[in-house]
Amino acid sequence: MKLSLLNETLLHADKTVLKVLHEPGKEAGSKSYVCVYRTSKYNTHPAVLYEYPLGQRGDLSKETIPL
């Protein structure tokens, strides 16, 4: 799925704050982030990818979207 998203000419990306109650190494209720990637609505096969990397500081994933 990641390869399909990376081949798109237009990709929407968003970083959203959420609170997680049970995550190793973090206090309950502390800030965590989920990154969401979505193809355009004009795409023949629309796709959405949710990414929740443990230990990430909230940066959009450089592994998923190479800059």
# chains A, B, ... in the order shown; residues from 1 in each chain; ligands from 1

call {"tool": "residues_around", "arguments": {"residues": "stretch 21-38 of chain A", "least_positions_apart": "2", "cutoff": "7 Å", "atoms": "only C-alpha atoms", "output": "PyMOL selection string"}}
result
chain A and resi 11-19+40+47-52+58+60

call {"tool": "write_last_selection", "arguments": {"atoms": "N, CA and C atoms", "output": "CSV table (one decimal), in the first residue's frame"}}
result
chain,number,residue,atom,x,y,z
A,11,LEU,N,-0.7,13.6,-3.0
A,11,LEU,CA,-0.9,12.9,-1.7
A,11,LEU,C,-1.2,13.9,-0.6
A,12,HIS,N,-2.2,13.7,0.1
A,12,HIS,CA,-2.5,14.5,1.3
A,12,HIS,C,-1.9,13.8,2.5
A,13,ALA,N,-1.3,14.6,3.4
A,13,ALA,CA,-0.7,14.1,4.6
A,13,ALA,C,-1.1,15.0,5.8
A,14,ASP,N,-1.4,14.4,6.9
A,14,ASP,CA,-1.8,15.1,8.1
A,14,ASP,C,-1.2,14.4,9.4
A,15,LYS,N,-0.8,15.3,10.3
A,15,LYS,CA,-0.4,14.8,11.6
A,15,LYS,C,-1.4,15.2,12.6
A,16,THR,N,-1.9,14.3,13.4
A,16,THR,CA,-3.0,14.6,14.3
A,16,THR,C,-2.6,14.1,15.7
A,17,VAL,N,-2.8,15.0,16.7
A,17,VAL,CA,-2.5,14.7,18.1
A,17,VAL,C,-3.6,13.8,18.7
A,18,LEU,N,-3.2,12.8,19.5
A,18,LEU,CA,-4.2,12.0,20.2
A,18,LEU,C,-3.6,11.6,21.6
A,19,LYS,N,-4.4,11.2,22.5
A,19,LYS,CA,-4.0,10.8,23.8
A,19,LYS,C,-4.1,9.3,23.8
A,40,SER,N,-5.9,11.4,-3.6
A,40,SER,CA,-6.9,12.4,-4.1
A,40,SER,C,-8.2,11.7,-4.3
A,47,ALA,N,-7.1,5.6,-1.6
A,47,ALA,CA,-6.5,4.8,-0.4
A,47,ALA,C,-6.2,5.7,0.7
A,48,VAL,N,-6.3,5.2,1.9
A,48,VAL,CA,-6.0,5.9,3.1
A,48,VAL,C,-5.1,5.0,4.0
A,49,LEU,N,-4.0,5.6,4.5
A,49,LEU,CA,-3.0,4.9,5.3
A,49,LEU,C,-2.9,5.7,6.7
A,50,TYR,N,-3.1,5.0,7.8
A,50,TYR,CA,-2.9,5.5,9.1
A,50,TYR,C,-1.6,4.9,9.6
A,51,GLU,N,-0.7,5.8,10.1
A,51,GLU,CA,0.5,5.3,10.6
A,51,GLU,C,0.7,5.8,12.1
A,52,TYR,N,0.9,4.9,13.0
A,52,TYR,CA,1.2,5.2,14.4
A,52,TYR,C,2.5,4.7,14.8
A,58,GLY,N,6.2,13.1,16.5
A,58,GLY,CA,5.2,13.8,15.8
A,58,GLY,C,5.6,14.3,14.4
A,60,LEU,N,6.2,14.0,10.5
A,60,LEU,CA,5.6,13.1,9.5
A,60,LEU,C,6.7,12.2,9.1

call {"tool": "closest_residue", "arguments": {"among": "A:Pro53, A:Val20, A:Lys2, A:Glu8", "to": "A:Thr39", "atoms": "only C-alpha atoms"}}
result
A:Glu8
